[in-house]
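For reference, data_15.cif is printed below; it contains mmCIF, C-alpha atoms and all ligand atoms.
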data_data
#
loop_
_atom_site.label_atom_id
_atom_site.label_comp_id
_atom_site.auth_asym_id
_atom_site.auth_seq_id
_atom_site.Cartn_x
_atom_site.Cartn_y
_atom_site.Cartn_z
CA MET A 778 119.22 116.39 92.12
CA SER A 779 119.71 112.84 93.32
CA SER A 780 121.79 110.67 91.08
CA VAL A 781 122.33 106.95 91.03
CA THR A 782 125.71 105.82 89.82
CA GLU A 783 125.80 102.86 87.51
CA PRO A 784 125.92 99.53 89.29
CA PHE A 785 127.26 97.82 86.19
CA ALA A 786 130.22 100.08 85.75
CA ASP A 787 133.28 98.69 87.44
CA ASN A 788 136.62 100.31 87.02
CA HIS A 789 138.42 97.97 89.37
CA HIS A 790 138.27 94.88 87.21
CA ASP A 791 139.41 94.43 83.67
CA GLY A 792 139.31 91.99 80.76
CA VAL A 793 137.30 88.79 81.00
CA ALA A 794 136.49 89.23 84.69
CA ALA A 795 134.88 92.59 83.98
CA ASP A 796 132.81 91.08 81.15
CA GLN A 797 131.64 88.29 83.42
CA LEU A 798 130.78 90.78 86.12
CA VAL A 799 128.79 92.93 83.73
CA ASP A 800 127.05 89.81 82.47
CA GLU A 801 126.12 88.78 85.99
CA GLU A 802 124.87 92.26 86.77
CA ARG A 803 122.73 92.26 83.66
CA LYS A 804 121.25 88.88 84.56
CA ASN A 805 120.48 90.14 88.04
CA PHE A 806 118.92 93.27 86.63
CA LEU A 807 116.85 91.18 84.24
CA LEU A 808 115.62 88.97 87.04
CA ILE A 809 114.47 91.91 89.11
CA LEU A 810 112.85 93.61 86.18
CA ALA A 811 111.00 90.38 85.40
CA ALA A 812 109.92 90.07 89.06
CA PHE A 813 108.36 93.55 88.90
CA ARG A 814 106.76 92.82 85.54
CA LEU A 815 105.33 89.49 86.76
CA TYR A 816 103.86 91.07 89.90
CA LYS A 817 100.28 90.99 88.61
CA THR A 818 100.45 87.39 87.36
CA THR A 819 102.08 86.00 90.50
CA SER A 820 99.82 87.96 92.84
CA MET A 821 96.64 86.99 91.02
CA ILE A 822 97.58 83.30 91.22
CA SER A 823 97.27 83.37 94.98
CA VAL A 824 93.81 85.00 94.73
CA ASP A 825 92.76 82.47 92.07
CA GLN A 826 93.80 79.59 94.30
CA ARG A 827 91.61 80.86 97.11
CA GLU A 828 88.70 81.41 94.77
CA MET A 829 89.04 77.95 93.26
CA TYR A 830 89.02 76.41 96.71
CA MET A 831 85.93 78.45 97.60
CA ASN A 832 84.22 77.19 94.46
CA SER A 833 84.82 73.63 95.55
CA LEU A 834 83.01 74.18 98.86
CA SER A 835 79.36 73.38 99.51
CA LYS A 836 76.78 75.93 98.35
CA ASN A 837 75.95 76.66 101.98
CA HIS A 838 79.57 77.43 102.87
CA GLN A 839 79.92 79.56 99.77
CA TYR A 840 76.87 81.51 100.88
CA LEU A 841 78.30 81.97 104.38
CA LEU A 842 81.57 83.14 102.84
CA SER A 843 80.00 85.57 100.37
CA LYS A 844 81.50 88.62 102.12
CA TYR A 845 84.88 86.95 102.03
CA ARG A 846 84.42 86.35 98.31
CA GLU A 847 83.68 90.04 97.84
CA SER A 848 86.93 90.88 99.59
CA LEU A 849 88.80 88.72 97.07
CA HIS A 850 87.45 91.01 94.35
CA LYS A 851 88.80 94.00 96.27
CA ILE A 852 92.14 92.27 96.60
CA ARG A 853 92.27 91.85 92.82
CA ASP A 854 91.51 95.55 92.33
CA ALA A 855 94.24 96.46 94.82
CA ILE A 856 96.76 94.25 93.02
CA LEU A 857 95.88 95.95 89.74
CA THR A 858 96.46 99.39 91.29
CA ASN A 859 99.82 98.23 92.68
CA TYR A 860 100.72 96.90 89.27
CA GLN A 861 99.96 100.23 87.62
CA VAL A 862 102.29 101.98 90.06
CA ILE A 863 104.96 99.32 89.51
CA ASN A 864 104.71 99.88 85.77
CA VAL A 865 105.22 103.62 86.15
CA MET A 866 108.14 102.96 88.51
CA VAL A 867 109.82 100.46 86.22
CA LYS A 868 109.53 102.85 83.29
CA THR A 869 111.95 105.19 85.05
CA ILE A 870 114.79 102.67 84.86
CA ASP A 871 115.52 103.59 81.25
CA GLN A 872 117.94 106.26 82.32
CA LEU A 873 119.19 104.38 85.33
CA PHE A 874 121.52 101.76 84.00
CA LEU A 875 123.88 102.33 81.12
CA ASN A 876 121.10 104.11 79.24
CA ASP A 877 119.53 100.79 78.34
CA ASN A 878 115.81 100.55 78.02
CA GLU A 879 113.61 97.63 78.81
CA SER A 880 113.47 96.31 75.24
CA THR A 881 117.21 95.63 75.47
CA TYR A 882 116.40 92.92 77.97
CA ARG A 883 113.58 91.19 76.16
CA ASP A 884 114.19 88.41 73.65
CA ASN A 885 112.54 88.16 70.22
CA ASN A 886 109.34 86.85 71.83
CA GLY A 887 109.23 89.76 74.22
CA GLU A 888 110.16 87.49 77.14
CA PHE A 889 112.84 88.15 79.72
CA GLY A 890 114.19 84.59 79.65
CA VAL A 891 114.85 84.35 83.38
CA LYS A 892 113.17 82.31 86.07
CA VAL A 893 111.62 84.44 88.78
CA GLY A 894 111.57 82.57 92.08
CA GLN A 895 109.59 82.96 95.29
CA ASN A 896 112.39 85.07 96.75
CA GLU A 897 112.08 87.72 94.02
CA ILE A 898 108.28 87.67 94.21
CA GLU A 899 108.47 88.33 97.96
CA ARG A 900 111.02 91.08 97.50
CA VAL A 901 108.64 92.99 95.23
CA GLN A 902 106.05 92.75 98.02
CA VAL A 903 108.65 93.90 100.57
CA THR A 904 109.45 96.88 98.34
CA LEU A 905 105.80 97.96 98.52
CA LYS A 906 105.88 97.79 102.33
CA GLN A 907 109.17 99.65 102.36
CA ILE A 908 107.50 102.49 100.44
CA ALA A 909 104.94 102.67 103.26
CA ARG A 910 107.78 102.80 105.85
CA ASP A 911 109.82 105.49 104.16
CA TRP A 912 107.44 107.61 102.14
CA SER A 913 103.91 107.46 103.53
CA ALA A 914 102.07 108.91 106.51
CA ASP A 915 101.60 105.29 107.63
CA GLY A 916 105.34 104.98 108.23
CA GLU A 917 105.57 108.12 110.37
CA MET A 918 105.74 106.20 113.65
CA GLU A 919 108.47 103.85 112.38
CA ARG A 920 110.46 106.78 111.08
CA GLN A 921 110.14 108.53 114.43
CA GLN A 922 111.43 105.41 116.14
CA CYS A 923 114.20 104.55 113.70
CA TYR A 924 115.39 107.68 111.88
CA GLN A 925 114.66 110.46 114.36
CA PRO A 926 117.15 109.28 117.04
CA ILE A 927 119.84 109.22 114.34
CA ILE A 928 118.87 112.65 113.01
CA ASP A 929 118.81 114.08 116.56
CA GLU A 930 122.25 112.65 117.26
CA VAL A 931 123.73 113.93 113.99
CA THR A 932 122.36 117.44 114.62
CA ARG A 933 123.72 117.31 118.18
CA LEU A 934 127.15 116.34 116.89
CA PHE A 935 127.12 118.75 113.94
CA PRO A 936 124.73 121.55 115.00
CA PRO A 937 123.30 123.11 111.82
CA ASN A 938 123.43 126.62 113.31
CA ASP A 939 127.14 126.50 114.19
CA THR A 940 128.44 124.28 111.42
CA ASP A 941 129.13 124.69 107.77
CA VAL A 942 126.71 121.85 107.13
CA GLU A 943 127.32 121.56 103.39
CA ASN A 944 130.84 120.48 104.23
CA VAL A 945 129.79 117.80 106.70
CA ARG A 946 129.97 114.57 104.74
CA ILE A 947 127.54 111.91 105.90
CA LEU A 948 127.28 108.42 104.44
CA VAL A 949 124.19 106.23 104.89
CA PRO A 950 125.07 102.67 103.84
CA GLY A 951 122.10 100.34 103.30
CA ALA A 952 119.96 103.39 102.60
CA GLY A 953 116.88 101.42 101.50
CA LEU A 954 114.46 103.87 99.92
CA GLY A 955 116.49 106.87 100.98
CA ARG A 956 114.32 108.67 103.53
CA LEU A 957 117.05 109.03 106.16
CA MET A 958 119.47 110.25 103.49
CA TYR A 959 116.87 112.73 102.26
CA GLU A 960 116.12 114.08 105.74
CA LEU A 961 119.82 114.61 106.50
CA SER A 962 120.44 116.38 103.21
CA TYR A 963 117.32 118.47 103.75
CA ILE A 964 118.90 119.80 106.95
CA GLY A 965 121.79 120.83 104.74
CA TYR A 966 124.44 118.14 105.10
CA PHE A 967 126.30 116.59 102.18
CA CYS A 968 124.65 113.19 102.36
CA GLU A 969 125.26 110.10 100.29
CA GLY A 970 123.17 106.94 100.45
CA ASN A 971 124.50 103.59 99.33
CA GLU A 972 122.39 100.60 98.39
CA PHE A 973 122.96 97.37 96.50
CA SER A 974 119.44 96.03 96.10
CA LEU A 975 118.02 96.80 92.68
CA PHE A 976 114.52 96.53 94.14
CA MET A 977 115.39 99.42 96.45
CA LEU A 978 117.33 101.34 93.79
CA ILE A 979 114.54 101.21 91.24
CA ALA A 980 111.93 102.31 93.80
CA SER A 981 114.11 105.02 95.35
CA ASN A 982 115.07 106.40 91.96
CA PHE A 983 111.38 106.74 91.20
CA ILE A 984 110.54 108.47 94.48
CA LEU A 985 113.58 110.69 94.76
CA ASN A 986 113.64 111.83 91.16
CA ARG A 987 110.27 111.27 89.53
CA CYS A 988 107.50 111.79 92.06
CA LEU A 989 106.54 115.38 91.46
CA ILE A 990 103.46 115.75 93.61
CA GLU A 991 102.87 114.83 97.23
CA ASN A 992 100.69 111.77 97.74
CA GLU A 993 100.25 111.41 94.00
CA TYR A 994 100.27 107.61 94.06
CA LYS A 995 98.10 105.09 95.82
CA LEU A 996 99.36 101.67 96.90
CA TYR A 997 98.05 98.68 98.83
CA PRO A 998 101.18 97.52 100.66
CA TYR A 999 99.39 95.00 102.92
CA VAL A 1000 97.36 93.27 100.22
CA HIS A 1001 99.58 90.18 100.33
CA GLN A 1002 98.96 89.65 104.01
CA TYR A 1003 96.13 87.14 104.11
CA VAL A 1004 96.48 86.33 107.80
CA ASN A 1005 95.98 88.20 111.07
CA ASN A 1006 93.46 90.67 109.68
CA LEU A 1007 90.87 91.89 112.14
CA ASN A 1008 88.58 93.60 109.66
CA ARG A 1009 87.86 92.84 106.03
CA GLY A 1010 89.20 96.21 104.89
CA ASP A 1011 92.56 95.82 106.61
CA GLN A 1012 94.16 93.80 103.82
CA THR A 1013 93.03 96.31 101.22
CA ARG A 1014 93.89 99.46 103.15
CA ALA A 1015 95.55 101.98 100.86
CA ILE A 1016 98.40 104.33 101.53
CA THR A 1017 99.40 107.30 99.44
CA PHE A 1018 102.96 108.33 98.68
CA PRO A 1019 105.23 110.21 98.75
CA ASP A 1020 104.09 112.07 101.87
CA VAL A 1021 106.85 114.51 100.96
CA SER A 1022 108.01 114.98 97.39
CA PRO A 1023 111.81 115.30 97.25
CA THR A 1024 111.53 116.99 93.88
CA GLN A 1025 108.99 119.52 95.18
CA ARG A 1026 110.80 120.01 98.49
CA PRO A 1027 114.45 119.46 97.56
CA PRO A 1028 117.30 120.00 99.98
CA LYS A 1029 117.99 123.75 99.86
CA LYS A 1030 121.71 123.61 100.30
CA GLY A 1031 122.50 120.01 101.16
CA THR A 1032 123.58 117.49 98.58
CA MET A 1033 121.85 114.16 98.12
CA ASN A 1034 123.25 111.30 96.14
CA MET A 1035 122.45 107.58 95.99
CA VAL A 1036 125.32 105.32 95.02
CA ALA A 1037 124.54 101.81 93.78
CA GLY A 1038 126.69 98.86 94.72
CA ASP A 1039 128.19 96.90 97.56
CA PHE A 1040 129.27 99.06 100.47
CA LEU A 1041 132.36 96.93 101.03
CA GLU A 1042 133.49 97.26 97.43
CA ILE A 1043 132.81 100.92 96.88
CA TYR A 1044 134.00 102.64 100.02
CA LYS A 1045 137.74 102.26 100.23
CA GLU A 1046 138.95 105.82 100.50
CA ALA A 1047 140.34 106.30 103.99
CA ASP A 1048 139.61 109.30 106.23
CA TYR A 1049 136.91 110.76 103.99
CA TRP A 1050 133.59 110.88 105.89
CA ASP A 1051 132.68 113.00 108.92
CA CYS A 1052 129.85 110.69 109.85
CA VAL A 1053 128.48 107.29 108.92
CA ALA A 1054 124.83 106.76 109.85
CA THR A 1055 123.49 103.21 109.78
CA CYS A 1056 119.92 102.13 110.41
CA PHE A 1057 118.99 98.45 110.37
CA PHE A 1058 122.13 97.77 108.39
CA ILE A 1059 125.04 96.28 110.32
CA ASP A 1060 123.43 92.84 110.56
CA CYS A 1061 123.31 92.62 106.74
CA ALA A 1062 126.93 91.45 106.56
CA ASN A 1063 128.21 87.91 106.21
CA ASN A 1064 130.97 89.06 108.52
CA ILE A 1065 130.08 92.13 110.56
CA VAL A 1066 133.77 92.77 111.27
CA ASP A 1067 134.17 93.76 107.60
CA PHE A 1068 131.51 96.44 108.08
CA ILE A 1069 133.07 97.72 111.31
CA GLU A 1070 136.55 97.89 109.79
CA THR A 1071 135.31 99.58 106.63
CA ILE A 1072 133.38 102.20 108.59
CA TYR A 1073 136.44 102.83 110.73
CA ASN A 1074 138.67 103.16 107.68
CA ILE A 1075 136.49 105.61 105.76
CA LEU A 1076 135.79 107.92 108.71
CA LYS A 1077 138.06 110.89 109.22
CA PRO A 1078 140.01 110.85 112.48
CA ASN A 1079 137.47 111.96 115.11
CA GLY A 1080 134.64 111.10 112.71
CA VAL A 1081 131.53 109.50 114.19
CA TRP A 1082 129.47 106.43 113.51
CA VAL A 1083 125.84 106.60 114.60
CA ASN A 1084 123.91 103.34 114.50
CA LEU A 1085 120.45 102.07 115.33
CA GLY A 1086 119.08 98.61 114.72
CA PRO A 1087 118.86 94.99 115.80
CA LEU A 1088 121.12 92.00 115.19
CA LEU A 1089 118.84 89.95 112.98
CA TYR A 1090 121.78 88.74 110.89
CA HIS A 1091 120.16 88.48 107.49
CA TYR A 1092 122.37 85.67 106.20
CA SER A 1093 121.95 83.52 109.29
CA ASP A 1094 119.37 81.17 107.76
CA VAL A 1095 120.14 81.66 104.09
CA MET A 1096 121.17 78.49 102.29
CA GLY A 1097 124.54 78.80 100.58
CA GLU A 1098 125.54 81.97 102.45
CA HIS A 1099 128.16 82.20 105.15
CA SER A 1100 127.18 83.82 108.40
CA ILE A 1101 128.51 84.54 111.85
CA GLU A 1102 126.38 86.15 114.52
CA PRO A 1103 128.39 87.96 117.20
CA THR A 1104 126.39 89.33 120.14
CA PHE A 1105 126.23 93.04 120.86
CA GLU A 1106 128.71 92.45 123.65
CA ASP A 1107 131.12 90.91 121.11
CA ILE A 1108 130.53 93.82 118.75
CA CYS A 1109 131.36 96.42 121.42
CA HIS A 1110 134.58 94.55 122.10
CA ILE A 1111 135.44 94.45 118.37
CA MET A 1112 134.65 98.15 117.89
CA LYS A 1113 137.02 99.08 120.71
CA GLN A 1114 139.74 96.78 119.37
CA VAL A 1115 139.41 98.35 115.92
CA GLY A 1116 139.89 101.81 117.41
CA PHE A 1117 136.44 103.22 118.12
CA VAL A 1118 135.58 105.00 121.33
CA ILE A 1119 131.98 104.33 122.28
CA GLU A 1120 130.47 107.63 123.40
CA LYS A 1121 126.84 106.70 123.71
CA CYS A 1122 125.09 103.38 123.93
CA ALA A 1123 121.51 102.36 124.58
CA THR A 1124 119.86 98.96 124.40
CA GLY A 1125 116.18 98.02 124.34
CA VAL A 1126 115.23 100.77 121.89
CA ARG A 1127 111.77 99.74 120.73
CA THR A 1128 111.57 99.80 116.95
CA LEU A 1129 109.22 98.44 114.32
CA TYR A 1130 110.30 97.59 110.79
CA SER A 1131 107.82 97.62 107.89
CA GLN A 1132 104.95 96.50 110.07
CA ASN A 1133 101.30 96.66 109.10
CA PRO A 1134 99.86 98.96 111.78
CA LYS A 1135 96.48 97.16 111.64
CA SER A 1136 97.83 93.62 111.79
CA MET A 1137 97.03 91.27 114.67
CA HIS A 1138 100.67 90.26 114.54
CA LYS A 1139 103.53 92.72 114.79
CA SER A 1140 107.12 92.10 115.62
CA GLU A 1141 109.13 94.66 117.45
CA TYR A 1142 112.87 94.87 117.95
CA GLU A 1143 114.66 95.98 121.07
CA SER A 1144 117.34 97.67 119.02
CA VAL A 1145 120.70 99.02 120.05
CA PHE A 1146 121.61 102.63 119.49
CA PHE A 1147 125.18 103.83 119.69
CA THR A 1148 127.52 106.61 118.75
CA CYS A 1149 131.20 105.88 118.51
CA ARG A 1150 134.13 107.95 117.42
CA LYS A 1151 137.17 107.01 115.41
CA SER A 1152 140.04 107.78 117.72
CA ALA A 1153 142.33 110.43 116.27
CA GLN A 1154 145.16 107.98 116.69
CA LYS A 1155 145.29 105.76 113.61
CA SER A 1156 144.70 102.10 114.35
CA GLU A 1157 146.40 99.17 112.68
CA CYS A 1158 143.03 97.51 112.15
CA ASN A 1159 141.82 99.17 108.99
CA GLY A 1160 143.02 96.47 106.70
CA ASN A 1161 140.29 95.51 104.28
CA SER A 1162 141.49 97.77 101.51
CA ASN A 1163 143.19 94.93 99.68
CA LYS A 1164 140.42 92.42 100.02
CA GLN A 1165 138.60 90.94 97.05
CA MET A 1166 134.85 91.16 97.55
CA ASN A 1167 132.22 89.46 95.44
CA GLY A 1168 128.99 90.78 94.03
CA HIS A 1169 127.72 94.21 93.18
CA THR A 1170 124.04 94.95 93.18
CA LYS A 1171 121.73 92.29 94.56
C1 LIG B 1 117.14 96.09 106.59
S1 LIG B 1 117.34 97.18 105.25
C2 LIG B 1 117.33 98.79 106.00
C3 LIG B 1 117.01 99.88 105.03
C4 LIG B 1 116.90 101.27 105.67
N1 LIG B 1 118.13 101.67 106.27
C5 LIG B 1 115.77 101.30 106.66
O1 LIG B 1 116.04 101.44 107.86
O2 LIG B 1 114.61 101.17 106.24
C6 LIG B 1 119.06 96.99 104.89
C7 LIG B 1 119.40 97.54 103.54
O3 LIG B 1 120.80 97.44 103.34
C8 LIG B 1 121.06 97.01 102.02
N2 LIG B 1 122.38 96.36 102.05
C9 LIG B 1 122.72 95.24 102.71
N3 LIG B 1 124.03 94.96 102.53
C10 LIG B 1 124.52 95.93 101.74
C11 LIG B 1 125.81 96.18 101.19
N4 LIG B 1 126.83 95.37 101.43
N5 LIG B 1 125.97 97.27 100.43
C12 LIG B 1 124.93 98.11 100.17
N6 LIG B 1 123.68 97.91 100.65
C13 LIG B 1 123.47 96.83 101.43
C14 LIG B 1 119.92 96.07 101.71
O4 LIG B 1 119.71 95.93 100.32
C15 LIG B 1 118.75 96.75 102.42
O5 LIG B 1 118.06 97.63 101.56
#

So, in terms of structure tokens, how does the structure I just supplied come out?
Amino acid sequence: MSSVTEPFADNHHDGVAADQLVDEERKNFLLILAAFRLYKTTSMISVDQREMYMNSLSKNHQYLLSKYRESLHKIRDAILTNYQVINVMVKTIDQLFLNDNESTYRDNNGEFGVKVGQNEIERVQVTLKQIARDWSADGEMERQQCYQPIIDEVTRLFPPNDTDVENVRILVPGAGLGRLMYELSYIGYFCEGNEFSLFMLIASNFILNRCLIENEYKLYPYVHQYVNNLNRGDQTRAITFPDVSPTQRPPKKGTMNMVAGDFLEIYKEADYWDCVATCFFIDCANNIVDFIETIYNILKPNGVWVNLGPLLYHYSDVMGEHSIEPTFEDICHIMKQVGFVIEKCATGVRTLYSQNPKSMHKSEYESVFFTCRKSAQKSECNGNSNKQMNGHTK
């Protein structure tokens, strides 16, 4: 039903460069696999550290903290449950990438031979929270805030009752765990998601293709949040997923497909898509103009771009990455220059992103929502087709 194209395969490069690219991709894959596999060890270390500190306290303080100590036991149990789910999830990668299996990536000692850093450890934890956002009852409110306005707009623009929906091609770049893509294809559209994070691709492959029963799996997505908990049980609150099983409730006529790789590298065919739907995506670029131009180029004349999200600019504070951070006002100006006609625009759209509903601290975005149309008249500004881009999956 849903397929993931190979992130390692690259037909655009040849010879030594292609070998290097494949090598880099394999190293990246290895790193992420190791991060998933080391989840239990790395997560337990932070519990151990707390327990060791507790043990160093006076007997009286230890007595006063006995309930807290009990909760550390529950945290360990929750980590073990998460680890079991991660193991099942990681098993499904065997068919994902070039038909390799995990043993291909282990050395003679059974080790992965890569150094997993704090960044990768945190991204495993983020993946767990992303599962709650996209595929659990807990994420329902976020999905209503973030995906429903996009779905409503797409169905307004391409009404399912009056349109041959299977022939409406919708692309969702930065698809994350694929819920928006799934919902659009469930309505009947031809919908393709695109994603370059292997954390997301491994988890979405598992949910979209391997989860057979609704709410079959239990996870503790907030177990790594040690702060801002009101009640002892909040950190070890479980969710079940998937709230809907895409294999049990597949799109009846729509097509669903997840394509792995960098949006800027993959999507070069001009005038192909009827609609591009982006949610919390456009601020993931080093240079947002590249995204705007690419979206313009790949849309058919009169095609529409529907977007919702903030301008967090993910690379803004990342060491070694370039970043520019145009305001929304700048972006509107750029979109018009490129050739878009802005048909709808709202600011201050209140949206949460992967927030723990029970936490004493939540951050909320006042997102922008817009619909713009590629003017039927071809613009000169669709010129990134010759550009060399770096990096595939991340
Ligand atoms: C903030 S997340 C949003 C995910 C999802 N749309 C949601 O609303 O939950 C942005 C996603 O875009 C992906 N992404 C960022 N840049 C990308 C690129 N150039 N090509 C493909 N995916 C990209 C990231 O890996 C990440 O999963």

Report task. Kindly indicate which residue among A:Val1081, A:Cys968, A:Ala1153, A:Leu1089 lies nearest to ligand LIG 1 (chain B), using all atoms listed in the file for the distances. Result ->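 Smallest distance to ligand LIG 1 (chain B) is found for A:Leu1089.
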
Report task. Throw together the list of residues within 7 Å of ligand LIG 1 (chain B), counting only C-alpha atoms and all ligand atoms, and drop it here as a ChimeraX atom specification. Result -> /A:907,911,923,950-954,971-974,977,1038-1041,1055-1058,1061-1062

Mind running segment 795-858 of chain A against segment 996-1019 of chain A at 10 Å and telling me each contacting residue's nearest atom pair with the distance in Å (one decimal), counting all atoms listed in the file, chain and number ascending, as a Markdown table?
| residue | atom | partner | partner_atom | distance |
| --- | --- | --- | --- | --- |
| A:Ser820 | CA | A:His1001 | CA | 7.8 |
| A:Ser823 | CA | A:His1001 | CA | 9.0 |
| A:Val824 | CA | A:His1001 | CA | 9.6 |
| A:Lys844 | CA | A:Arg1009 | CA | 8.6 |
| A:Tyr845 | CA | A:Arg1009 | CA | 7.7 |
| A:Glu847 | CA | A:Arg1009 | CA | 9.6 |
| A:Ser848 | CA | A:Arg1009 | CA | 6.8 |
| A:Leu849 | CA | A:Thr1013 | CA | 9.6 |
| A:Lys851 | CA | A:Thr1013 | CA | 6.9 |
| A:Ile852 | CA | A:Thr1013 | CA | 6.2 |
| A:Arg853 | CA | A:Val1000 | CA | 9.1 |
| A:Asp854 | CA | A:Thr1013 | CA | 9.1 |
| A:Ala855 | CA | A:Tyr997 | CA | 6.0 |
| A:Ile856 | CA | A:Val1000 | CA | 7.3 |
| A:Leu857 | CA | A:Tyr997 | CA | 9.7 |
| A:Thr858 | CA | A:Leu996 | CA | 6.7 |

Query raised in the report: Which one is closest to Glu1098 of chain A: A:Thr869, A:Tyr1130, A:Ile964, A:Asn1063? Count all atoms listed in the file.
Result: A:Asn1063

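Minimum distance to Gln1025 of chain A across A:Tyr840, A:Tyr963, A:Phe935, A:Phe806 (counting all atoms listed in the file) occurs at A:Tyr963.
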
Query - Neighbour list for Pro937 of chain A as JSON, numbers by chain, cut-off 10 Å, all atoms listed in the file, skip fewer than 6 positions in-chain - result: {"A": [931, 943, 945, 964, 965, 966]}
